[in-house]
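Q: Okay, handing you the structure first.
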Amino acid sequence: ISAIQSYPEFKGYYERKTGEGKPKMSVINAIRNKIVLRAAAVINKQTPYIKNSGAAA
């Protein structure tokens, strides 16, 4: 919940998906998954997190 309140990326995602009619808990779980996957990637790569503002090439 704090990620949705603190990070504009997650807030926009939450508002967009709930606006599309997705259940709120489903969207929160998707955001939780995004956070866990990012943390796992940082641990596996052993590098600091770098926000990628551009789309994947």
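By order of appearance in the structure tokens: chains A, B, ..., then residues from 1 within every chain, and ligands from 1 in the order shown.
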If we count only C-alpha atoms, what is near region 25-27 of chain A at a cut-off of 7 Å, once residues fewer than 4 positions away on the same chain are taken out, given as a ChimeraX atom specification?
A: /A:14,17,31
Q: As a PyMOL selection string, please: every residue in chain A that DSSP puts in helix (DSSP H, G or I).
A: chain A and resi 2-6+8-19+24-45
Q: What's the 12 Å shell around Ala30 (chain A), counting only C-alpha atoms, without same-chain residues fewer than 4 positions away, as a PyMOL selection string?
A: chain A and resi 1+4+10+13-14+17-18+22-26+34-37
Q: For a test of reading the model, state the distance in Å between CA of Pro8 (chain A) and CA of Ile50 (chain A), rounded to one decimal.
A: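 Here the two named atoms are 16.0 Å from each other.
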